[in-house]
Each structure stands twice: as C-alpha cells, then as structure tokens.
>>> print(open('my_file_26.cif').read())   # mmCIF, C-alpha atoms
data_data
#
loop_
_atom_site.label_atom_id
_atom_site.label_comp_id
_atom_site.auth_asym_id
_atom_site.auth_seq_id
_atom_site.Cartn_x
_atom_site.Cartn_y
_atom_site.Cartn_z
CA MET A 1 -20.79 58.04 17.43
CA ARG A 2 -19.49 54.76 18.61
CA ILE A 3 -17.33 52.94 16.13
CA THR A 4 -17.15 49.23 16.80
CA LYS A 5 -13.94 47.73 15.65
CA ARG A 6 -14.38 44.50 13.67
CA PRO A 7 -12.25 41.71 15.09
CA SER A 8 -9.32 41.35 12.76
CA LYS A 9 -9.00 38.08 10.91
CA THR A 10 -6.43 35.59 11.97
CA ARG A 11 -3.85 34.81 9.35
CA GLN A 12 -5.56 31.51 8.62
CA GLU A 13 -8.95 33.12 8.08
CA PHE A 14 -7.35 35.60 5.76
CA GLU A 15 -5.66 32.94 3.67
CA GLU A 16 -8.63 30.54 3.47
CA PRO A 17 -10.47 32.15 0.54
CA MET A 18 -7.25 32.27 -1.45
CA LYS A 19 -6.75 28.52 -1.23
CA ALA A 20 -6.46 27.23 -4.77
CA LYS A 21 -9.31 25.10 -5.98
CA GLU A 22 -7.00 22.16 -6.61
CA ASP A 23 -6.07 22.04 -2.96
CA PHE A 24 -9.00 20.06 -1.63
CA LYS A 25 -7.44 17.46 0.59
CA LEU A 26 -9.16 14.24 1.61
CA ASP A 27 -10.00 15.48 5.09
CA ASP A 28 -11.41 18.71 3.61
CA LEU A 29 -14.04 16.65 1.82
CA LEU A 30 -14.59 13.65 4.11
CA THR A 31 -15.80 15.25 7.34
CA PRO A 32 -17.18 13.36 10.38
CA ASP A 33 -20.79 14.41 9.70
CA LEU A 34 -20.56 12.56 6.37
CA VAL A 35 -19.55 9.20 7.80
CA ARG A 36 -21.65 6.32 9.17
CA CYS A 37 -20.46 2.90 10.30
CA LYS A 38 -22.12 -0.51 9.92
CA LYS A 39 -25.58 0.64 8.85
CA THR A 40 -28.14 -2.03 8.08
CA LEU A 41 -29.69 -1.37 4.69
CA LYS A 42 -31.44 -3.84 2.42
CA GLU A 43 -31.38 -2.48 -1.12
CA ARG A 44 -29.29 -0.43 -3.51
CA ASP A 45 -31.78 2.45 -3.69
CA GLU A 46 -31.92 2.65 0.10
CA VAL A 47 -28.12 2.84 0.20
CA ILE A 48 -28.03 5.64 -2.37
CA GLU A 49 -30.70 7.54 -0.44
CA GLN A 50 -28.82 7.24 2.84
CA VAL A 51 -25.54 8.41 1.34
CA GLY A 52 -27.39 11.26 -0.36
CA LYS A 53 -29.15 12.17 2.88
CA LEU A 54 -25.81 12.65 4.63
CA MET A 55 -24.61 14.94 1.86
CA PHE A 56 -27.93 16.83 1.71
CA GLU A 57 -28.14 17.39 5.47
CA ALA A 58 -24.60 18.75 5.40
CA ASN A 59 -25.76 21.27 2.78
CA LYS A 60 -23.38 19.95 0.16
CA ILE A 61 -25.98 18.93 -2.43
CA GLU A 62 -29.49 19.77 -3.54
CA GLU A 63 -32.02 17.00 -3.00
CA ARG A 64 -32.20 16.29 -6.74
CA TYR A 65 -28.58 15.06 -6.69
CA ILE A 66 -29.81 11.95 -4.87
CA GLY A 67 -32.20 11.10 -7.71
CA ALA A 68 -29.43 11.86 -10.18
CA MET A 69 -27.11 9.31 -8.53
CA LYS A 70 -29.85 6.69 -8.85
CA GLN A 71 -30.41 7.61 -12.46
CA VAL A 72 -26.73 7.22 -13.34
CA ILE A 73 -26.82 3.61 -12.17
CA GLU A 74 -30.09 2.93 -13.94
CA GLU A 75 -28.82 4.34 -17.23
CA LEU A 76 -25.28 3.08 -17.21
CA GLY A 77 -25.26 0.08 -14.92
CA ALA A 78 -23.30 -0.39 -11.74
CA TYR A 79 -19.93 0.70 -13.14
CA MET A 80 -19.25 2.68 -10.01
CA VAL A 81 -18.62 -0.50 -8.05
CA ILE A 82 -14.97 0.12 -8.70
CA ALA A 83 -13.50 -2.80 -6.80
CA PRO A 84 -14.91 -5.90 -5.08
CA GLY A 85 -17.40 -4.61 -2.49
CA ILE A 86 -16.61 -0.91 -2.96
CA ALA A 87 -18.88 1.62 -4.65
CA LEU A 88 -18.17 5.26 -5.50
CA LEU A 89 -21.57 6.88 -6.07
CA HIS A 90 -21.74 10.16 -7.90
CA ALA A 91 -23.57 12.18 -10.54
CA ARG A 92 -22.58 15.27 -12.56
CA PRO A 93 -21.81 18.70 -11.02
CA GLU A 94 -24.80 20.21 -12.80
CA ASP A 95 -27.10 17.68 -11.12
CA GLY A 96 -27.13 19.78 -7.96
CA VAL A 97 -23.76 20.05 -6.26
CA LEU A 98 -23.52 22.97 -3.84
CA GLU A 99 -20.12 22.18 -2.38
CA PRO A 100 -17.71 19.34 -3.07
CA CYS A 101 -17.70 16.57 -0.50
CA LEU A 102 -17.11 12.90 0.09
CA ALA A 103 -19.40 10.71 2.20
CA LEU A 104 -18.78 7.18 3.49
CA ILE A 105 -21.15 4.52 4.78
CA THR A 106 -20.12 0.97 5.63
CA LEU A 107 -22.86 -1.65 5.67
CA SER A 108 -23.36 -4.40 8.22
CA ASP A 109 -24.71 -6.66 5.45
CA PRO A 110 -23.54 -6.36 1.84
CA VAL A 111 -26.06 -5.24 -0.80
CA ILE A 112 -26.34 -6.21 -4.45
CA PHE A 113 -25.68 -3.30 -6.83
CA GLY A 114 -25.72 -5.12 -10.14
CA HIS A 115 -22.04 -5.18 -11.13
CA PRO A 116 -21.12 -8.32 -13.10
CA GLU A 117 -18.11 -9.08 -10.88
CA ASN A 118 -17.69 -6.79 -7.91
CA ASP A 119 -20.98 -7.37 -6.03
CA PRO A 120 -22.08 -7.36 -3.26
CA VAL A 121 -21.17 -3.96 -1.85
CA ASP A 122 -20.44 -3.11 1.77
CA ILE A 123 -18.30 0.03 1.52
CA VAL A 124 -20.02 2.98 -0.13
CA PHE A 125 -18.54 6.37 -0.92
CA GLY A 126 -20.61 9.30 -2.19
CA LEU A 127 -18.83 11.97 -4.21
CA ALA A 128 -20.04 15.43 -5.09
CA ALA A 129 -17.66 17.31 -7.35
CA LYS A 130 -18.03 20.90 -8.53
CA ASP A 131 -15.97 20.54 -11.69
CA ASN A 132 -13.53 18.16 -13.31
CA GLN A 133 -10.48 19.26 -11.38
CA SER A 134 -10.73 20.54 -7.87
CA HIS A 135 -11.17 17.24 -6.08
CA ILE A 136 -8.41 15.36 -7.94
CA LYS A 137 -5.99 15.52 -5.03
CA ALA A 138 -8.55 14.20 -2.54
CA LEU A 139 -9.74 11.43 -4.83
CA THR A 140 -6.25 10.23 -5.69
CA THR A 141 -5.32 10.24 -2.00
CA LEU A 142 -8.41 8.15 -1.32
CA ALA A 143 -7.59 5.69 -4.11
CA LYS A 144 -3.99 5.28 -2.94
CA ARG A 145 -5.17 4.76 0.64
CA LEU A 146 -7.72 2.14 -0.41
CA ALA A 147 -5.08 0.39 -2.52
CA THR A 148 -2.77 0.11 0.49
CA LEU A 149 -2.62 -3.39 1.88
CA GLY A 150 -4.90 -3.92 4.85
CA VAL A 151 -6.86 -0.70 4.69
CA ILE A 152 -10.02 -2.17 3.18
CA GLU A 153 -10.04 -4.97 5.75
CA ASN A 154 -9.68 -2.42 8.52
CA LEU A 155 -12.60 -0.44 7.12
CA ARG A 156 -14.71 -3.60 7.20
CA ARG A 157 -13.61 -4.33 10.75
CA ALA A 158 -14.19 -0.79 12.06
CA ASN A 159 -17.00 -0.39 14.55
CA SER A 160 -17.28 3.37 14.73
CA LYS A 161 -17.06 6.31 12.37
CA GLU A 162 -14.02 7.54 14.29
CA GLU A 163 -12.21 4.30 13.41
CA LEU A 164 -13.25 4.68 9.77
CA LEU A 165 -12.00 8.24 9.56
CA LYS A 166 -8.77 7.31 11.28
CA GLU A 167 -8.15 4.53 8.77
CA ILE A 168 -8.84 6.64 5.72
CA CYS A 169 -7.28 9.93 6.67
CA ALA A 170 -4.25 8.41 8.35
CA MET B 1 2.41 8.42 -28.89
CA LEU B 2 -0.16 6.03 -27.53
CA ARG B 3 -3.46 7.74 -26.73
CA ILE B 4 -5.33 6.18 -23.81
CA VAL B 5 -8.68 7.27 -22.47
CA THR B 6 -10.19 6.24 -19.13
CA VAL B 7 -13.95 6.37 -18.94
CA CYS B 8 -16.69 6.51 -16.37
CA GLY B 9 -20.27 7.73 -16.36
CA CYS B 10 -19.59 11.28 -15.33
CA GLY B 11 -15.97 11.93 -16.09
CA GLN B 12 -14.86 13.01 -12.64
CA GLY B 13 -15.10 9.99 -10.37
CA SER B 14 -13.83 6.54 -11.14
CA SER B 15 -12.26 7.58 -14.46
CA LEU B 16 -9.96 9.95 -12.55
CA ILE B 17 -8.79 7.13 -10.29
CA LEU B 18 -8.19 4.88 -13.27
CA ARG B 19 -6.33 7.65 -15.05
CA MET B 20 -4.01 8.17 -12.09
CA TRP B 21 -3.00 4.51 -11.95
CA THR B 22 -2.65 4.32 -15.74
CA GLU B 23 -0.30 7.30 -15.73
CA ASP B 24 1.77 5.60 -13.00
CA VAL B 25 1.91 2.36 -14.97
CA ILE B 26 2.94 3.94 -18.28
CA ARG B 27 5.67 5.80 -16.46
CA GLU B 28 6.93 2.55 -14.93
CA MET B 29 6.71 0.79 -18.28
CA GLY B 30 8.62 3.62 -19.93
CA ILE B 31 6.21 3.89 -22.86
CA GLU B 32 5.21 7.11 -24.59
CA ALA B 33 1.55 7.63 -23.92
CA LYS B 34 -0.96 10.31 -23.08
CA VAL B 35 -3.89 9.57 -20.76
CA GLU B 36 -7.13 11.48 -20.62
CA ASN B 37 -10.31 10.85 -18.65
CA MET B 38 -13.77 11.36 -20.10
CA GLU B 39 -17.38 10.63 -19.54
CA VAL B 40 -19.21 7.98 -21.43
CA THR B 41 -20.96 10.17 -23.99
CA SER B 42 -17.67 11.58 -25.32
CA ALA B 43 -15.82 8.31 -25.19
CA LYS B 44 -17.52 6.28 -27.89
CA GLY B 45 -16.31 8.51 -30.67
CA ALA B 46 -13.02 9.36 -29.00
CA LYS B 47 -10.03 9.43 -31.31
CA CYS B 48 -7.64 7.32 -29.36
CA ASP B 49 -5.92 3.96 -29.38
CA LEU B 50 -7.17 2.38 -26.20
CA VAL B 51 -10.12 2.90 -23.89
CA LEU B 52 -9.99 1.55 -20.34
CA THR B 53 -13.19 1.32 -18.37
CA SER B 54 -15.35 -0.80 -16.10
CA LYS B 55 -16.72 -4.07 -17.47
CA ALA B 56 -20.19 -2.65 -16.96
CA LEU B 57 -19.49 0.17 -19.42
CA VAL B 58 -17.71 -1.78 -22.17
CA PRO B 59 -20.87 -2.29 -24.27
CA VAL B 60 -21.54 1.45 -24.15
CA VAL B 61 -18.12 2.66 -25.23
CA GLU B 62 -17.00 -0.03 -27.65
CA GLY B 63 -16.32 1.55 -30.97
CA GLN B 64 -14.46 1.06 -34.19
CA ASN B 65 -12.00 3.87 -33.64
CA HIS B 66 -10.31 2.29 -30.68
CA GLU B 67 -9.80 -0.86 -28.70
CA THR B 68 -11.69 -1.19 -25.43
CA ARG B 69 -10.52 -3.14 -22.41
CA ALA B 70 -12.22 -3.75 -19.09
CA ILE B 71 -10.54 -3.16 -15.76
CA ASN B 72 -12.49 -4.74 -12.96
CA ASN B 73 -10.66 -3.52 -9.93
CA TYR B 74 -9.75 0.16 -9.99
CA LEU B 75 -7.61 -0.25 -6.92
CA ASP B 76 -5.34 -2.91 -8.37
CA LYS B 77 -2.48 -1.34 -10.30
CA GLY B 78 -1.23 -4.79 -11.24
CA LEU B 79 -4.38 -5.46 -13.26
CA ILE B 80 -3.93 -2.27 -15.25
CA ARG B 81 -0.32 -3.14 -15.91
CA LYS B 82 -1.36 -6.60 -17.10
CA GLU B 83 -3.81 -5.15 -19.64
CA LEU B 84 -1.31 -2.58 -20.89
CA GLU B 85 1.43 -5.22 -21.23
CA ALA B 86 -0.94 -7.44 -23.20
CA TYR B 87 -1.85 -4.51 -25.46
CA CYS B 88 1.83 -3.67 -26.04
CA ASP B 89 2.76 -7.32 -26.65
CA GLU B 90 0.07 -7.58 -29.33
CA ARG B 91 1.45 -4.56 -31.13
CA GLY B 92 5.16 -5.14 -30.59
CA ILE B 93 5.52 -2.04 -28.43
CA VAL B 94 8.63 -2.26 -26.29
CA TYR B 95 8.41 -1.56 -22.58
CA LYS B 96 10.39 -1.98 -19.39
CA LYS B 97 9.63 -5.31 -17.79
CA ALA B 98 8.58 -5.23 -14.15
CA THR B 99 11.45 -5.99 -11.81
#
>>> encode(input="my_file_26.cif", output="structure tokens")
Amino acid sequence: MRITKRPSKTRQEFEEPMKAKEDFKLDDLLTPDLVRCKKTLKERDEVIEQVGKLMFEANKIEERYIGAMKQVIEELGAYMVIAPGIALLHARPEDGVLEPCLALITLSDPVIFGHPENDPVDIVFGLAAKDNQSHIKALTTLAKRLATLGVIENLRRANSKEELLKEICA
Amino acid sequence: MLRIVTVCGCGQGSSLILRMWTEDVIREMGIEAKVENMEVTSAKGAKCDLVLTSKALVPVVEGQNHETRAINNYLDKGLIRKELEAYCDERGIVYKKAT
C-alpha cells in the first residue's frame, strides 16, 4: 500500500486560519481584481452595477447584493457620498455578502448620485462587510489615507489601477 | 458623559468612519464622551445627546430625544471638531481649545 505524504503546510499557511477577524487590513480587502481606473459610465445605477460586478465576479458577494446597494440609495438617499466626489457604496451583510471586500472604480466623467452637496461623484468604493467589526481596521486605514493631503487628487490623476492601488495602499 | 451616536444606512460603513474621527476629536478636546455607531432604524429612538450623520439622513433620524447635526465631509476632521465645539459652546461644556 502506497502512502502518499501530504505536503506539510508552511508556517504561514498554518497560521492563516487563526488570523483574528479584526485583522483585515486594507490590502486584504482591496485586491487588484477589484479595481478599475477611469471607466466611462453615465448614470448612478450603471456605476453601482459595475462596482457590484467586480465584487460578484471575485466571488465576494451574491448577485442580489448589487440590487441591495441600489435599494439602500433609493430608500435612504445618497448619504453614502461621504465627501465631495467620493461614494462608499454598501448594503447590509445579510443582503448577500460571501466574503468581505472593498472595490474601487474611478470615473472618467463624474456622475450625479443625488447628494445635496457632495455631487457629482468620480471616485466610487464598494464595501461588503460580514459583520459590524471585522473590517474596522481596513476602513479606518482607508479613511485616514483619503484624508491625507494630496491623496484624493492623486487618485483622480491616476491612469491605471496599479497607480490607484499604490496611492491607497501606500 | 456625553453620548454621541454616528449614523449611516447600514451601520458598518460611513458611520464607522465618522465614529473614528469623532473619537479622535473628543480625545483632542478632552471632553468626556462615548461614541457609538448605528444604522438608521435604531438611531431615531436612540437615547443619546447628539447624533452625527450625513445631511441626506438628517430628516430620517431627527428626533426629540437628541440633537441631530449634519456632517457633510466625512474625511474632514476639522468639520467634525467645528460641530462639536459649537455644541459644547451652546451648553457651556468646557474643552481644550485647538492649538
């Protein structure tokens, strides 16, 4: 009887599952497959669909999460345009989140979202969170990065997703 | 102890960001306050002193139990400080002035 020996795990592989939930860092959630630069989109719904598509194709959300993000805006207004030109789209964990993630699309032409003061939008983040806690570290890192002088301008000036990622995860 | 609540539609996105800055600001101002973040449905009846949220959500969370103030730029800590200073000035709450 031939016994095949399973390759032993590297130390990193062994420790991965034990990583505490609170440890999601920004680059854990914002991966290159979730980023697009200077897309041309005409309307808010199109923007939400494109952000959702990135997250869906990366197997982070169920398709219904995309509809849920649209519904949040329809019910509550465009509150997620959190700063001039910047939107943070998201719905609730129970609306179909498979794995937490953060997506980013910058737009070549800004789009109206319906916020009384912060329209139009040209930088769009999509957030899928599993609970109320585990993405806090990543989100606060993102907020501090965006609040740093010059970062938002650099995001607007970036011409590739590599440049975007470099600016955010620096 | 001042009770402050930050609010967004789902309780785990923009309200978290606002909460983080608010906690920084109250620490810098040296005032005794507790900050919580919630989603919109819990916020209207929240037993607290002050609710901070987006201008778009003010009509939804305004209530008689608390004062509601709009923050329009969640990335501008200075704006949050301005609102909190105004709130404290109105109530005679002492705080450390910004250097």
>>> interface_residues(input="my_file_26.cif", of="chain A", to="chain B", cutoff="8 Å", atoms="all atoms listed in the file", output="ChimeraX atom specification")
/A:72,76-80,82-84,88,90-92,115-118,127,129,131-133,136,139-140,143-144,146-147
>>> write_last_selection(input="my_file_26.cif", atoms="C-alpha atoms", output="tab-separated table (two decimals), in the frame of the given file")
chain	number	residue	atom	x	y	z
A	72	VAL	CA	-26.73	7.22	-13.34
A	76	LEU	CA	-25.28	3.08	-17.21
A	77	GLY	CA	-25.26	0.08	-14.92
A	78	ALA	CA	-23.30	-0.39	-11.74
A	79	TYR	CA	-19.93	0.70	-13.14
A	80	MET	CA	-19.25	2.68	-10.01
A	82	ILE	CA	-14.97	0.12	-8.70
A	83	ALA	CA	-13.50	-2.80	-6.80
A	84	PRO	CA	-14.91	-5.90	-5.08
A	88	LEU	CA	-18.17	5.26	-5.50
A	90	HIS	CA	-21.74	10.16	-7.90
A	91	ALA	CA	-23.57	12.18	-10.54
A	92	ARG	CA	-22.58	15.27	-12.56
A	115	HIS	CA	-22.04	-5.18	-11.13
A	116	PRO	CA	-21.12	-8.32	-13.10
A	117	GLU	CA	-18.11	-9.08	-10.88
A	118	ASN	CA	-17.69	-6.79	-7.91
A	127	LEU	CA	-18.83	11.97	-4.21
A	129	ALA	CA	-17.66	17.31	-7.35
A	131	ASP	CA	-15.97	20.54	-11.69
A	132	ASN	CA	-13.53	18.16	-13.31
A	133	GLN	CA	-10.48	19.26	-11.38
A	136	ILE	CA	-8.41	15.36	-7.94
A	139	LEU	CA	-9.74	11.43	-4.83
A	140	THR	CA	-6.25	10.23	-5.69
A	143	ALA	CA	-7.59	5.69	-4.11
A	144	LYS	CA	-3.99	5.28	-2.94
A	146	LEU	CA	-7.72	2.14	-0.41
A	147	ALA	CA	-5.08	0.39	-2.52
>>> closest_residue(input="my_file_26.cif", among="A:Ala68, A:Val124, A:Ile61, A:Met55", to="A:Lys39", atoms="only C-alpha atoms")
A:Val124
>>> resolve_selection(input="my_file_26.cif", expression="the PyMOL selection byres ((chain B and resi 94) around 10)", output="ChimeraX atom specification")
/B:29-31,85,88-89,91-93,95-97
>>> closest_residue(input="my_file_26.cif", among="A:Ile86, A:Leu26, A:Leu102, A:Leu164", to="A:Leu54", atoms="only C-alpha atoms")
A:Leu102
>>> residues_around(input="my_file_26.cif", residues="A:Cys169", least_positions_apart="6", cutoff="10 Å", atoms="only C-alpha atoms", output="PyMOL selection string")
chain A and resi 25-27+30+141-142+145
>>> atom_distance(input="my_file_26.cif", atom1="atom CA of A:Val111", atom2="atom CA of A:Val151")
20.5 Å
>>> closest_residue(input="my_file_26.cif", among="B:Val7, B:Ala46, B:Ile26, B:Val35", to="B:Arg69", atoms="all atoms listed in the file")
B:Val7
>>> atom_distance(input="my_file_26.cif", atom1="atom CA of A:Lys130", atom2="atom CA of A:Pro100")
5.7 Å
>>> residues_around(input="my_file_26.cif", residues="A:Glu162", least_positions_apart="5", cutoff="12 Å", atoms="all atoms listed in the file", output="PyMOL selection string")
chain A and resi 30-37+104+155+167-170
>>> closest_residue(input="my_file_26.cif", among="A:Val81, A:Ile105, A:Val121, A:Ala128", to="A:Ile66", atoms="only C-alpha atoms")
A:Ala128
>>> atom_distance(input="my_file_26.cif", atom1="atom CA of A:Lys42", atom2="atom CA of A:Leu89")
16.9 Å
>>> residues_around(input="my_file_26.cif", residues="B:Thr68", least_positions_apart="6", cutoff="7 Å", atoms="all atoms listed in the file", output="PyMOL selection string")
chain B and resi 50-52+58+62
>>> write_last_selection(input="my_file_26.cif", atoms="C-alpha atoms", output="PDB file, in the frame of the given file")
ATOM      1  CA  LEU B  50      -7.170   2.380 -26.200  1.00  0.00           C
ATOM      2  CA  VAL B  51     -10.120   2.900 -23.890  1.00  0.00           C
ATOM      3  CA  LEU B  52      -9.990   1.550 -20.340  1.00  0.00           C
ATOM      4  CA  VAL B  58     -17.710  -1.780 -22.170  1.00  0.00           C
ATOM      5  CA  GLU B  62     -17.000  -0.030 -27.650  1.00  0.00           C
TER       6      GLU B  62
END
>>> closest_residue(input="my_file_26.cif", among="A:Asp109, A:Glu163, A:Glu74, A:Glu153", to="A:Glu43", atoms="only C-alpha atoms")
A:Asp109
>>> resolve_selection(input="my_file_26.cif", expression="the PyMOL selection byres ((chain B and resi 34) around 7)", output="ChimeraX atom specification")
/B:1-4,33,35-36
>>> resolve_selection(input="my_file_26.cif", expression="the PyMOL selection byres ((chain A and resi 96-99) around 6)", output="ChimeraX atom specification")
/A:60-62,65,93-95,100
>>> closest_residue(input="my_file_26.cif", among="B:Gly78, B:Val5, B:Gln64, B:Arg27", to="B:Ser42", atoms="all atoms listed in the file")
B:Val5
